[in-house]
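**Student:** So I've got this file, data.cif, and it contains mmCIF, C-alpha atoms:
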data_data
#
loop_
_atom_site.label_atom_id
_atom_site.label_comp_id
_atom_site.auth_asym_id
_atom_site.auth_seq_id
_atom_site.Cartn_x
_atom_site.Cartn_y
_atom_site.Cartn_z
CA MET A 1 4.95 27.75 -28.53
CA THR A 2 1.57 28.19 -26.80
CA LYS A 3 0.74 26.72 -23.41
CA LEU A 4 -1.72 24.32 -25.05
CA THR A 5 0.95 23.09 -27.46
CA ARG A 6 3.43 22.64 -24.62
CA TYR A 7 0.82 20.71 -22.70
CA LEU A 8 -0.14 18.41 -25.57
CA THR A 9 3.52 17.82 -26.42
CA ALA A 10 4.20 16.80 -22.84
CA LEU A 11 1.26 14.40 -22.88
CA ALA A 12 2.41 12.91 -26.17
CA CYS A 13 5.78 12.14 -24.61
CA LEU A 14 4.11 10.26 -21.78
CA ILE A 15 2.80 7.51 -24.05
CA VAL A 16 6.27 6.48 -25.26
CA PRO A 17 6.75 2.83 -24.26
CA LEU A 18 8.93 2.33 -21.17
CA ARG A 19 11.50 0.13 -22.83
CA ALA A 20 14.20 0.39 -20.20
CA LEU A 21 11.70 0.20 -17.37
CA ALA A 22 10.21 -3.01 -18.70
CA GLN A 23 13.67 -4.53 -19.07
CA GLU A 24 14.85 -3.63 -15.57
CA GLU A 25 11.66 -4.09 -13.54
CA GLY A 26 10.71 -7.57 -14.76
CA PRO A 27 7.38 -8.87 -16.10
CA PRO A 28 4.18 -6.85 -15.76
CA PRO A 29 1.99 -7.56 -12.73
CA GLU A 30 -0.45 -9.82 -14.55
CA GLU A 31 2.36 -12.31 -15.16
CA GLN A 32 3.50 -12.54 -11.56
CA GLY A 33 0.77 -14.76 -10.11
CA PRO A 34 -2.32 -14.12 -8.00
CA ARG A 35 -2.58 -11.01 -5.86
CA VAL A 36 -3.58 -12.18 -2.40
CA TYR A 37 -3.55 -10.80 1.13
CA VAL A 38 -2.29 -12.52 4.26
CA GLU A 39 -2.50 -11.45 7.88
CA SER A 40 -1.54 -13.18 11.13
CA LEU A 41 -2.88 -12.13 14.55
CA THR A 42 -1.94 -13.38 18.01
CA PHE A 43 -4.40 -13.89 20.86
CA TRP A 44 -4.08 -15.59 24.27
CA ASP A 45 -5.86 -18.63 25.67
CA ASP A 46 -5.84 -18.77 29.47
CA GLN A 47 -7.17 -22.32 29.44
CA THR A 48 -4.15 -23.75 27.61
CA SER A 49 -1.58 -21.05 28.52
CA GLU A 50 -0.74 -20.85 24.85
CA CYS A 51 -1.01 -18.32 22.07
CA ARG A 52 -3.58 -18.72 19.35
CA LEU A 53 -2.18 -17.68 15.99
CA ASP A 54 -4.94 -16.86 13.53
CA VAL A 55 -3.82 -16.81 9.90
CA PHE A 56 -6.19 -15.09 7.48
CA LEU A 57 -5.99 -15.43 3.70
CA GLU A 58 -8.03 -13.34 1.27
CA VAL A 59 -8.00 -14.16 -2.44
CA PRO A 60 -9.85 -11.74 -4.77
CA TYR A 61 -11.92 -13.44 -7.46
CA GLU A 62 -10.23 -11.33 -10.13
CA ALA A 63 -6.92 -13.01 -9.23
CA LEU A 64 -8.32 -16.46 -10.06
CA HIS A 65 -9.17 -18.30 -13.26
CA PHE A 66 -12.85 -19.34 -13.40
CA THR A 67 -13.92 -22.20 -15.66
CA LYS A 68 -17.39 -22.27 -17.21
CA LEU A 69 -19.33 -25.37 -16.17
CA SER A 70 -22.82 -26.36 -17.25
CA ASN A 71 -24.63 -23.85 -15.05
CA SER A 72 -21.91 -22.11 -13.02
CA PHE A 73 -18.38 -20.76 -12.98
CA HIS A 74 -15.80 -22.64 -10.92
CA ALA A 75 -12.35 -21.81 -9.51
CA SER A 76 -10.14 -23.50 -6.96
CA TYR A 77 -6.73 -23.18 -5.37
CA ASN A 78 -4.53 -25.14 -2.99
CA VAL A 79 -2.92 -23.67 0.11
CA THR A 80 -0.10 -24.95 2.30
CA ILE A 81 0.70 -23.22 5.59
CA ASP A 82 3.87 -24.24 7.40
CA ILE A 83 4.84 -23.06 10.88
CA ASN A 84 8.57 -23.54 11.45
CA ASP A 85 10.37 -23.12 14.77
CA SER A 86 13.31 -20.77 15.36
CA THR A 87 15.75 -23.32 13.90
CA GLY A 88 13.78 -23.65 10.65
CA LYS A 89 12.41 -27.08 11.55
CA GLN A 90 8.79 -27.65 10.61
CA PHE A 91 6.57 -27.47 13.70
CA THR A 92 3.17 -27.96 12.08
CA GLU A 93 1.57 -27.85 8.64
CA ARG A 94 -1.90 -27.33 7.20
CA TYR A 95 -2.94 -28.16 3.65
CA PHE A 96 -6.36 -27.31 2.25
CA THR A 97 -8.22 -26.64 -0.98
CA GLU A 98 -10.71 -23.85 -1.50
CA ASP A 99 -13.44 -24.25 -4.14
CA ILE A 100 -15.51 -21.33 -5.41
CA ASP A 101 -18.70 -21.64 -7.43
CA THR A 102 -20.86 -18.83 -8.70
CA LYS A 103 -23.71 -18.74 -11.20
CA ASN A 104 -23.01 -15.12 -12.00
CA TYR A 105 -20.21 -14.26 -14.45
CA GLU A 106 -20.12 -10.65 -13.23
CA GLU A 107 -19.34 -11.90 -9.72
CA SER A 108 -16.49 -14.07 -11.01
CA VAL A 109 -14.71 -10.96 -12.31
CA SER A 110 -15.92 -8.53 -9.68
CA PRO A 111 -13.18 -6.49 -7.96
CA ASN A 112 -15.28 -6.55 -4.78
CA ALA A 113 -15.62 -10.34 -4.47
CA ALA A 114 -13.06 -12.43 -2.58
CA LYS A 115 -12.67 -15.73 -0.72
CA LEU A 116 -11.68 -15.45 2.94
CA SER A 117 -10.03 -18.33 4.78
CA GLN A 118 -8.92 -18.64 8.40
CA LYS A 119 -6.73 -21.22 10.09
CA SER A 120 -5.80 -21.22 13.79
CA PHE A 121 -2.66 -22.65 15.39
CA PRO A 122 -2.14 -23.18 19.15
CA LEU A 123 1.49 -22.25 19.85
CA LYS A 124 3.74 -21.64 22.81
CA PRO A 125 5.19 -18.11 23.05
CA GLY A 126 8.38 -17.84 21.03
CA ARG A 127 9.83 -17.21 17.59
CA TYR A 128 8.46 -18.88 14.48
CA GLU A 129 8.48 -18.65 10.71
CA LEU A 130 5.21 -18.59 8.79
CA VAL A 131 5.41 -19.97 5.24
CA LEU A 132 2.33 -19.82 3.00
CA ILE A 133 2.16 -21.20 -0.53
CA LEU A 134 -0.89 -20.82 -2.77
CA ASN A 135 -1.20 -22.63 -6.11
CA ASP A 136 -3.78 -22.17 -8.85
CA PRO A 137 -3.93 -25.64 -10.51
CA VAL A 138 -5.39 -24.24 -13.74
CA THR A 139 -3.02 -21.38 -14.48
CA LYS A 140 -0.08 -22.99 -12.58
CA LYS A 141 0.59 -19.62 -11.00
CA SER A 142 1.64 -19.48 -7.36
CA PHE A 143 1.97 -17.06 -4.48
CA ASN A 144 4.66 -17.55 -1.81
CA MET A 145 5.08 -15.67 1.43
CA LYS A 146 7.48 -15.96 4.38
CA LYS A 147 7.11 -14.02 7.60
CA ASN A 148 9.03 -14.12 10.86
CA LEU A 149 6.81 -14.13 13.93
CA GLU A 150 7.51 -13.46 17.58
CA LEU A 151 4.60 -14.55 19.76
CA PRO A 152 4.74 -12.72 23.12
CA ASN A 153 3.91 -14.38 26.43
CA LEU A 154 0.67 -12.52 27.06
CA GLY A 155 0.00 -14.79 30.03
CA ILE A 156 2.63 -13.25 32.32
CA GLU A 157 1.50 -9.63 31.96
CA THR A 158 -0.83 -8.18 34.59
CA PHE A 159 -2.51 -6.28 31.76
CA ALA A 160 -2.03 -7.11 28.08
CA MET A 161 -3.51 -6.63 24.62
CA SER A 162 -3.79 -9.00 21.69
CA ASP A 163 -2.93 -7.93 18.16
CA MET A 164 -5.41 -5.54 16.52
CA MET A 165 -7.65 -6.49 13.62
CA ILE A 166 -9.12 -4.01 11.15
CA VAL A 167 -12.78 -4.92 10.80
CA ASN A 168 -14.50 -4.94 7.43
CA ARG A 169 -17.97 -5.42 8.89
CA ILE A 170 -19.73 -6.66 12.02
CA ASP A 171 -22.87 -8.81 11.93
CA THR A 172 -24.99 -9.62 14.97
CA LEU A 173 -26.16 -13.22 15.11
CA LYS A 174 -28.56 -13.65 18.03
CA ASP A 175 -26.48 -12.50 21.02
CA LYS A 176 -23.08 -12.86 19.35
CA LYS A 177 -21.10 -10.65 17.01
CA ALA A 178 -19.62 -12.05 13.81
CA VAL A 179 -16.49 -10.10 12.90
CA TYR A 180 -15.23 -10.05 9.31
CA PRO A 181 -11.62 -8.84 9.02
CA ASN A 182 -10.17 -6.44 6.49
CA ILE A 183 -7.05 -8.33 5.43
CA SER A 184 -5.72 -5.91 2.80
CA GLY A 185 -5.66 -3.04 5.30
CA ASN A 186 -7.18 -0.70 2.70
CA VAL A 187 -10.05 1.24 4.30
CA ALA A 188 -10.87 3.55 1.37
CA ASN A 189 -14.31 1.96 0.90
CA LEU A 190 -15.18 2.20 4.61
CA THR A 191 -16.19 5.82 4.22
CA SER A 192 -18.12 6.05 7.50
CA GLY A 193 -15.10 4.95 9.52
CA PHE A 194 -13.73 1.56 10.48
CA TYR A 195 -13.44 -0.50 13.63
CA LEU A 196 -10.44 -2.05 15.31
CA PHE A 197 -10.98 -5.28 17.21
CA PHE A 198 -8.69 -6.64 19.94
CA GLU A 199 -8.79 -8.44 23.27
CA VAL A 200 -7.55 -7.13 26.61
CA TYR A 201 -6.38 -9.45 29.38
CA ASN A 202 -7.21 -7.71 32.63
CA ARG A 203 -5.53 -9.56 35.51
CA ILE A 204 -5.43 -6.55 37.83
CA GLY A 205 -9.19 -6.28 38.10
CA LEU A 206 -9.72 -2.88 36.43
CA ASP A 207 -13.37 -1.86 36.26
CA THR A 208 -12.81 0.74 33.52
CA MET A 209 -9.95 1.73 31.26
CA LYS A 210 -9.14 4.75 29.15
CA MET A 211 -7.92 4.41 25.59
CA ILE A 212 -6.10 6.87 23.36
CA ALA A 213 -6.59 6.01 19.68
CA SER A 214 -4.32 8.08 17.44
CA VAL A 215 -3.59 8.12 13.71
CA ARG A 216 -0.18 9.11 12.34
CA ASN A 217 1.04 9.69 8.81
CA LEU A 218 4.25 8.32 7.29
CA LYS A 219 6.24 11.18 8.83
CA GLY A 220 5.00 10.30 12.32
CA ALA A 221 2.81 13.38 12.72
CA ILE A 222 -0.38 12.82 14.72
CA LEU A 223 -3.36 13.67 12.51
CA GLN A 224 -6.09 12.84 14.97
CA ALA A 225 -6.47 11.39 18.46
CA ASP A 226 -9.50 10.34 20.51
CA THR A 227 -9.79 9.48 24.20
CA LEU A 228 -12.32 6.74 24.94
CA ARG A 229 -13.53 4.81 27.99
CA GLU A 230 -14.27 1.09 28.08
CA PRO A 231 -15.94 -0.82 30.94
CA LEU A 232 -14.06 -3.99 31.89
CA GLY A 233 -14.73 -5.85 35.16
CA VAL A 234 -13.77 -9.22 33.62
CA PRO A 235 -10.40 -10.93 33.07
CA LYS A 236 -10.86 -11.06 29.30
CA LYS A 237 -12.75 -8.51 27.20
CA SER A 238 -13.32 -8.05 23.47
CA VAL A 239 -12.98 -4.39 22.52
CA PHE A 240 -14.11 -2.46 19.45
CA VAL A 241 -12.69 1.00 18.72
CA LYS A 242 -14.03 3.12 15.87
CA VAL A 243 -11.58 5.18 13.81
CA ASP A 244 -12.74 8.15 11.74
CA ASN A 245 -11.10 8.16 8.31
CA SER A 246 -13.34 10.74 6.63
CA LYS A 247 -10.61 13.40 6.61
CA LEU A 248 -7.77 11.15 5.48
CA VAL A 249 -6.51 11.46 1.92
CA ALA A 250 -4.85 8.63 -0.01
CA GLY A 251 -1.79 7.40 1.81
CA GLU A 252 -0.31 5.03 4.38
CA TYR A 253 -1.03 5.49 8.07
CA THR A 254 -0.43 3.96 11.47
CA VAL A 255 -3.15 3.67 14.09
CA GLU A 256 -2.08 3.23 17.71
CA VAL A 257 -4.18 2.35 20.75
CA LYS A 258 -2.90 2.94 24.28
CA CYS A 259 -4.74 1.45 27.25
CA LEU A 260 -4.56 3.26 30.60
CA SER A 261 -6.18 3.00 33.99
CA ALA A 262 -9.29 5.18 34.19
CA LYS A 263 -8.22 6.19 37.72
CA THR A 264 -5.03 7.93 36.59
CA ALA A 265 -4.92 11.58 37.67
CA THR A 266 -2.37 12.74 35.07
CA PRO A 267 -3.46 13.68 31.54
CA PRO A 268 -3.81 10.56 29.35
CA SER A 269 -1.19 11.83 26.88
CA GLU A 270 1.40 11.99 29.71
CA SER A 271 0.52 8.74 31.48
CA THR A 272 2.42 5.48 31.15
CA PRO A 273 0.12 3.07 29.30
CA LEU A 274 -0.71 -0.37 30.64
CA ALA A 275 -0.43 -1.75 27.11
CA THR A 276 0.01 -0.42 23.57
CA ARG A 277 -0.64 -1.86 20.13
CA SER A 278 -0.31 -0.35 16.67
CA ARG A 279 -0.79 -1.38 13.07
CA GLN A 280 -0.65 0.10 9.60
CA PHE A 281 -3.52 0.76 7.23
CA THR A 282 -3.92 2.45 3.87
CA VAL A 283 -6.39 4.65 2.07
CA HIS A 284 -6.10 3.67 -1.57
CA TRP A 285 -8.90 4.25 -4.06
CA ARG A 286 -9.40 1.66 -6.71
CA GLY A 287 -8.12 2.80 -10.09
CA LEU A 288 -5.13 4.67 -8.66
CA PRO A 289 -1.63 3.31 -9.30
CA VAL A 290 -0.32 1.28 -6.36
CA SER A 291 2.74 3.54 -6.25
CA ILE A 292 0.57 6.40 -4.93
CA VAL A 293 0.74 6.06 -1.14
CA ASP A 294 0.43 9.75 -0.28
CA LEU A 295 -2.01 11.96 -2.20
CA ASP A 296 -0.34 15.22 -1.17
CA GLN A 297 2.98 13.94 -2.45
CA ALA A 298 1.35 12.68 -5.67
CA ILE A 299 -0.08 16.16 -6.26
CA ASP A 300 3.38 17.69 -5.83
CA GLU A 301 4.75 15.15 -8.31
CA MET A 302 2.30 16.36 -10.99
CA GLN A 303 4.42 19.46 -11.65
CA TYR A 304 5.52 18.18 -15.06
CA VAL A 305 1.98 17.64 -16.32
CA ALA A 306 -0.15 20.28 -14.57
CA ASP A 307 0.01 24.06 -14.27
CA LYS A 308 1.09 25.52 -10.95
CA SER A 309 -2.37 27.03 -10.36
CA VAL A 310 -4.01 23.61 -10.72
CA ILE A 311 -1.58 22.07 -8.24
CA GLU A 312 -2.07 24.87 -5.73
CA GLU A 313 -5.84 24.50 -5.96
CA MET A 314 -5.60 20.78 -5.19
CA LYS A 315 -3.12 21.23 -2.34
CA ASN A 316 -5.24 23.87 -0.63
CA ALA A 317 -8.56 22.02 -1.01
CA PRO A 318 -10.14 20.13 1.93
CA PRO A 319 -9.51 16.34 1.90
CA GLU A 320 -12.79 15.30 0.24
CA GLN A 321 -12.51 17.95 -2.49
CA LYS A 322 -8.79 17.29 -2.95
CA ARG A 323 -9.51 13.69 -3.86
CA GLU A 324 -12.22 14.69 -6.36
CA LEU A 325 -10.05 17.36 -8.01
CA PHE A 326 -7.25 14.83 -8.42
CA LYS A 327 -9.56 12.24 -9.96
CA GLN A 328 -11.21 14.80 -12.25
CA PHE A 329 -7.85 16.05 -13.54
CA TRP A 330 -6.71 12.58 -14.56
CA LYS A 331 -10.15 11.55 -15.83
CA LYS A 332 -9.91 14.29 -18.48
CA LEU A 333 -6.63 12.76 -19.68
CA ASP A 334 -7.78 9.12 -19.54
CA PRO A 335 -7.19 7.55 -23.00
CA THR A 336 -9.81 4.86 -22.19
CA PRO A 337 -12.46 6.64 -20.07
CA SER A 338 -14.91 3.73 -20.31
CA THR A 339 -12.58 1.44 -18.34
CA GLU A 340 -11.50 1.51 -14.71
CA ARG A 341 -7.81 1.83 -15.53
CA ASN A 342 -6.24 5.13 -16.48
CA GLU A 343 -3.19 4.10 -18.48
CA LEU A 344 -1.78 7.62 -18.75
CA MET A 345 -1.92 8.15 -14.99
CA GLU A 346 -0.36 4.74 -14.38
CA GLU A 347 2.48 5.48 -16.78
CA TYR A 348 3.14 8.93 -15.36
CA PHE A 349 3.35 7.79 -11.75
CA GLY A 350 5.23 4.67 -12.84
CA ARG A 351 7.90 6.98 -14.20
CA VAL A 352 7.85 9.00 -10.99
CA GLU A 353 8.37 5.80 -9.00
CA TYR A 354 11.24 4.76 -11.27
CA ALA A 355 12.86 8.20 -10.91
CA ASN A 356 12.61 8.01 -7.13
CA LYS A 357 14.24 4.57 -7.11
CA HIS A 358 17.08 5.36 -9.48
CA PHE A 359 17.88 9.08 -9.34
CA SER A 360 17.45 10.06 -5.68
CA HIS A 361 20.38 11.40 -3.67
CA TYR A 362 19.87 14.25 -1.21
CA ILE A 363 16.52 15.08 -2.85
CA ASP A 364 13.78 12.84 -4.23
CA GLY A 365 14.53 11.40 -7.66
CA TRP A 366 11.56 13.06 -9.35
CA LYS A 367 12.98 16.49 -8.46
CA THR A 368 16.38 15.83 -10.04
CA ASP A 369 17.30 16.79 -13.59
CA MET A 370 17.55 13.15 -14.63
CA GLY A 371 14.23 12.40 -12.99
CA MET A 372 12.59 15.35 -14.74
CA VAL A 373 13.79 14.26 -18.18
CA TYR A 374 12.84 10.64 -17.53
CA ILE A 375 9.32 11.55 -16.40
CA ILE A 376 8.70 13.87 -19.37
CA PHE A 377 10.35 11.86 -22.15
CA GLY A 378 10.41 8.33 -20.78
CA ALA A 379 13.31 5.92 -21.12
CA PRO A 380 16.06 7.19 -23.47
CA SER A 381 16.77 5.32 -26.69
CA ASN A 382 20.47 5.27 -25.84
CA VAL A 383 22.62 6.16 -22.82
CA GLU A 384 26.34 6.94 -22.97
CA ARG A 385 27.99 6.82 -19.53
CA HIS A 386 31.39 8.41 -18.91
CA PRO A 387 32.08 7.98 -15.19
CA PHE A 388 35.91 8.03 -15.21
CA GLU A 389 37.13 10.44 -17.87
CA ILE A 390 40.59 11.79 -17.00
CA ASP A 391 40.11 15.32 -18.28
CA SER A 392 36.43 15.87 -17.41
CA LYS A 393 33.79 15.43 -14.73
CA PRO A 394 31.57 12.30 -14.87
CA TYR A 395 28.82 12.78 -17.41
CA GLU A 396 26.03 10.96 -19.25
CA ILE A 397 24.41 11.56 -22.63
CA TRP A 398 20.79 10.54 -23.10
CA THR A 399 19.54 10.32 -26.67
CA TYR A 400 15.89 10.21 -27.78
CA TYR A 401 15.80 9.28 -31.43
CA GLU A 402 12.03 9.64 -31.89
CA GLN A 403 11.97 13.13 -30.39
CA ASN A 404 15.29 14.13 -31.99
CA ARG A 405 16.52 15.28 -28.59
CA GLU A 406 19.79 14.80 -26.71
CA PHE A 407 20.48 15.65 -23.06
CA VAL A 408 23.86 15.91 -21.34
CA PHE A 409 24.12 15.49 -17.55
CA VAL A 410 27.33 16.39 -15.67
CA ASP A 411 28.22 15.42 -12.10
CA ALA A 412 30.17 18.55 -11.15
CA THR A 413 30.44 17.66 -7.44
CA GLY A 414 31.37 13.99 -7.73
CA PHE A 415 28.49 12.99 -5.42
CA GLY A 416 26.09 11.72 -8.09
CA ASP A 417 24.30 15.04 -8.56
CA TYR A 418 24.02 15.00 -12.35
CA ARG A 419 22.88 18.40 -13.65
CA LEU A 420 21.34 19.01 -17.05
CA GLN A 421 23.59 21.08 -19.32
CA ASN A 422 21.01 21.92 -21.97
CA PRO A 423 17.85 23.08 -20.12
CA ILE A 424 14.42 22.34 -21.55
CA TRP A 425 12.63 25.35 -20.10
CA ASP A 426 11.76 26.32 -23.67
CA LEU A 427 9.14 23.56 -23.55
CA TRP A 428 8.44 23.02 -19.86
CA ARG A 429 8.19 26.03 -17.52
CA THR A 430 7.30 24.06 -14.42
CA ARG A 431 10.15 23.27 -12.07
CA PRO A 432 9.85 21.66 -8.60
CA HIS A 433 10.99 23.80 -5.69
#
What is this structure when it is put down as C-alpha cells?

**Tutor:**
Amino acid sequence: MTKLTRYLTALACLIVPLRALAQEEGPPPEEQGPRVYVESLTFWDDQTSECRLDVFLEVPYEALHFTKLSNSFHASYNVTIDINDSTGKQFTERYFTEDIDTKNYEESVSPNAAKLSQKSFPLKPGRYELVLILNDPVTKKSFNMKKNLELPNLGIETFAMSDMMIVNRIDTLKDKKAVYPNISGNVANLTSGFYLFFEVYNRIGLDTMKMIASVRNLKGAILQADTLREPLGVPKKSVFVKVDNSKLVAGEYTVEVKCLSAKTATPPSESTPLATRSRQFTVHWRGLPVSIVDLDQAIDEMQYVADKSVIEEMKNAPPEQKRELFKQFWKKLDPTPSTERNELMEEYFGRVEYANKHFSHYIDGWKTDMGMVYIIFGAPSNVERHPFEIDSKPYEIWTYYEQNREFVFVDATGFGDYRLQNPIWDLWRTRPH
C-alpha cells in the first residue's frame, strides 16, 4: 500500500460519525444555550471603605436570535445577577433587559459583534456567591453561572493592588481614558500586544515603583518577563501595563505582575514584592477547535494524520510561521473550504480530546493503543469487555463493522494499560514516542 493510499484511508476513517461520543458527551454545542462570557473584578473605594465588585457580561451577537422588523433586526435577553452571602442568603439582586437593534444583517451574525454590560456592587470585604442567569425569551435558551468570591480587605494594606483587567481597547475622551475590557480573555486578535489595567493603593507614599510583568505557560515555565517603572506620588493610581504576545502560539497562559519599591537595592527577581496579582489569558484563533489550548501539543497530536517530517517542520518553526503551517496543513484537508469551520480538524481533535479523557493513565490518552485506534477509526461499532475472566487477563474487543476490522486489547499489568494485540502498523507507520 502506497503512502498516498495509507494517507487517504486514514482520512476516510476520520469522517465516520462519532456515535459513542455523541451518546456519552451530550448534545452538540448549538443545543446548549448561548455562549457568553462573564468576569468579576474587585476594586477599593477609600470613601466608603468598601469593595466595588464590577461584573462584566459579554454576549456575542452570534449567540442570540435576531428577529427581522420593518427596517432593522432586533434581539433581547434578560439577566438576573444575585449576590449571596457566605450562608447562601441573598444579599442583593439586579435584574435588567438588554435590547439590541441593528439595520445590518451581516452585523447580526458577525462573530466580532457583541453586547457588553457592566453592573457594580458596593460590598464589604468577605465571602460571597455570584449567581448570573441569562434568558433569551425567543429561543427559551438560558445560561447559568455560579462563582464563589472572596473580596479582600484592600483598605488595611499599606500597599495593595486591585484585580487586573485585560483591555480590549483604550479610547481617549477629552482628558479621560475610556477602557473597554476583554471579557473572554482571548487575545489572539490583539496582535500588537495587549494592556492590563489595575489600580494600586499606595498608602506608604511611594514616589515610584518597579513592576515585573511575566508570562508563564501551563507548565509554569516563564516565557517572557519585563521590568517596568511607574511614577506614583498619589494614594490611588490607575496603571496600564503592556504585554507582548507576538511570540505566543495558541495556548493558555498566566500573566503575573509584581509591584516593588523602586528604591530596593536587590535584583527585582529576588525582592519581596509589595503586592502581586495574576490572571489567565488565552491565544485562540477563530476556526480552531476549542479543545486546542496548546499549539505545540496539538502538533504532536497530529502524528496519526501527518508525516513525521511535516510535524518536525512545524515544531521547529518560529511561532508566527508555526501557526501558518498548522493552518495551511488543515486548510488543505478542509471538506468545506468556503466556510470558517473545518469539520475534519474539529473531528480529529475531538477524538484526541475524547482519548485523553477516557484512555489516559501514566501517559496521555492519545498516546495509548486504545487512543490511537479511537482517533484513527472513531468509535467502535461494538465493544466486548471482559474485566474479570478467571483464566485470562482483562481484555476488550473492539469491532468496526464498516471497516471489517477487529482489535483486541489486553491489560497484562492489571493497571489499566490495555495493549493492542493485533498491531496496525501495516496501515499506519506513525507512532508517538

**Student:** Which residues come within 7 Å of range 46-62 of chain A, counting only C-alpha atoms, excluding same-chain residues fewer than 2 positions away, as number ranges by chain?

**Tutor:** A: 36-44, 64, 108-111, 113-125, 155, 183

**Student:** Excluding Tyr401 in chain A and its own-chain neighbours fewer than 6 positions away, which residues fall within 12 Å of it when counting only C-alpha atoms? Please give them as a short mmCIF file (atom, residue, chain, number, x, y, z; two decimals) with C-alpha atoms, in the frame of the given file.

**Tutor:**
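around35.cif written:
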data_model
loop_
_atom_site.label_atom_id
_atom_site.label_comp_id
_atom_site.auth_asym_id
_atom_site.auth_seq_id
_atom_site.Cartn_x
_atom_site.Cartn_y
_atom_site.Cartn_z
CA VAL A 16 6.27 6.48 -25.26
CA PHE A 377 10.35 11.86 -22.15
CA GLY A 378 10.41 8.33 -20.78
CA ALA A 379 13.31 5.92 -21.12
CA PRO A 380 16.06 7.19 -23.47
CA SER A 381 16.77 5.32 -26.69
CA ASN A 382 20.47 5.27 -25.84
CA VAL A 383 22.62 6.16 -22.82
CA PHE A 407 20.48 15.65 -23.06
#

**Student:** Find the residues near Asn104 in chain A: any atom within 10 Å, counting all atoms listed in the file, skip ones fewer than 6 places away on the same chain, and give them as a VMD selection string.

**Tutor:** chain A and resid 71 to 73 110

**Student:** Between A:Val243, A:Ile222, A:Val373, A:Leu228, single out the one closest to Thr208 in chain A, counting only C-alpha atoms.

**Tutor:**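 Under the stated criterion, the closest residue is A:Leu228.
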
**Student:** Could you list the residues chosen by the PyMOL selection byres ((chain A and resi 80) around 10) in this structure as a VMD selection string?

**Tutor:** chain A and resid 78 to 79 81 to 82 93 to 97 131 to 135 144

**Student:** What is the CA of Asp294 in chain A to CA of Val249 in chain A distance in Å?

**Tutor:**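 These atoms are spaced 7.5 Å apart.
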
**Student:** Rank A:Gln303, A:Thr87, A:Thr254, A:Asn342 by their smallest atom-to-atom distance to Pro289 in chain A, using all atoms listed in the file, and report the top residue only.

**Tutor:**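 Comparing A:Gln303, A:Thr87, A:Thr254, A:Asn342 against Pro289 in chain A, the winner is A:Asn342.
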
**Student:** Compare A:Val257, A:Leu130, A:Ala221, A:Leu248 by their minimum atom-to-atom distance to Val187 in chain A, counting only C-alpha atoms, and give me the closest one.

**Tutor:** A:Leu248

**Student:** Would you list the contacts of Gly193 in chain A as number ranges by chain, taking every protein, DNA or RNA residue within 8 Å and counting all atoms listed in the file, but skipping same-chain residues closer than 3 positions in sequence?

**Tutor:** A: 190, 242-246

**Student:** One decimal, Å: what's the distance from CA of Ile292 in chain A over to CA of Ile311 in chain A, could you say?

**Tutor:** 16.2 Å

**Student:** Between A:Ala306, A:Val255, A:Ala250, A:Val200, which is the closest to Ile166 in chain A once you count all atoms listed in the file?

**Tutor:**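 When distances to Ile166 in chain A are compared using all atoms listed in the file, the smallest one comes from A:Val255.
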
**Student:** Hey, which of A:Phe349, A:Trp366, A:Phe91, A:Tyr77 ends up closest to His65 in chain A? Count only C-alpha atoms.

**Tutor:**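 Using only C-alpha atoms, the shortest distance to His65 in chain A belongs to A:Tyr77.
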
**Student:** Exactly which residues make up the result of the PyMOL selection byres ((chain A and resi 301) around 9) on this file, given as number ranges by chain?

**Tutor:** A: 296-300, 302-305, 349, 352, 366-367, 432

**Student:** Residues of the last selection are to be written out with C-alpha atoms, as an mmCIF file, keeping the file's coordinate frame.

**Tutor:**
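File written: result24.cif
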data_model
loop_
_atom_site.group_PDB
_atom_site.id
_atom_site.type_symbol
_atom_site.label_atom_id
_atom_site.label_comp_id
_atom_site.auth_asym_id
_atom_site.auth_seq_id
_atom_site.Cartn_x
_atom_site.Cartn_y
_atom_site.Cartn_z
ATOM 1 C CA ASP A 296 -0.340 15.220 -1.170
ATOM 2 C CA GLN A 297 2.980 13.940 -2.450
ATOM 3 C CA ALA A 298 1.350 12.680 -5.670
ATOM 4 C CA ILE A 299 -0.080 16.160 -6.260
ATOM 5 C CA ASP A 300 3.380 17.690 -5.830
ATOM 6 C CA MET A 302 2.300 16.360 -10.990
ATOM 7 C CA GLN A 303 4.420 19.460 -11.650
ATOM 8 C CA TYR A 304 5.520 18.180 -15.060
ATOM 9 C CA VAL A 305 1.980 17.640 -16.320
ATOM 10 C CA PHE A 349 3.350 7.790 -11.750
ATOM 11 C CA VAL A 352 7.850 9.000 -10.990
ATOM 12 C CA TRP A 366 11.560 13.060 -9.350
ATOM 13 C CA LYS A 367 12.980 16.490 -8.460
ATOM 14 C CA PRO A 432 9.850 21.660 -8.600
#

**Student:** At what distance in Å, to one decimal, does CA of Glu256 in chain A lie from CA of Leu196 in chain A?

**Tutor:**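 Straight-line distance from CA of Leu196 in chain A to CA of Glu256 in chain A works out to 10.2 Å.
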
**Student:** Set the distance at 10 Å and use all atoms listed in the file: which residues neighbour Phe359 in chain A once local chain neighbours fewer than 5 positions away are removed? I'd like the list as a PyMOL selection string.

**Tutor:** chain A and resi 354+364-372+374+416-418

**Student:** Residue by residue, what does the PyMOL selection byres ((chain A and resi 163) around 8) grab here? Present the result as a short mmCIF file (atom, residue, chain, number, x, y, z; two decimals) with C-alpha atoms, keeping the file's coordinate frame.

**Tutor:**
data_model
loop_
_atom_site.label_atom_id
_atom_site.label_comp_id
_atom_site.auth_asym_id
_atom_site.auth_seq_id
_atom_site.Cartn_x
_atom_site.Cartn_y
_atom_site.Cartn_z
CA LEU A 41 -2.88 -12.13 14.55
CA THR A 42 -1.94 -13.38 18.01
CA PHE A 43 -4.40 -13.89 20.86
CA MET A 161 -3.51 -6.63 24.62
CA SER A 162 -3.79 -9.00 21.69
CA MET A 164 -5.41 -5.54 16.52
CA MET A 165 -7.65 -6.49 13.62
CA PHE A 198 -8.69 -6.64 19.94
CA GLU A 199 -8.79 -8.44 23.27
CA ARG A 277 -0.64 -1.86 20.13
#

**Student:** Which residue gives the smallest distance to Asn112 in chain A among A:Arg286, A:Lys393, A:Lys210, A:Lys332, with all atoms listed in the file counted?

**Tutor:**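 Residue with the minimum atom-to-atom distance to Asn112 in chain A: A:Arg286.
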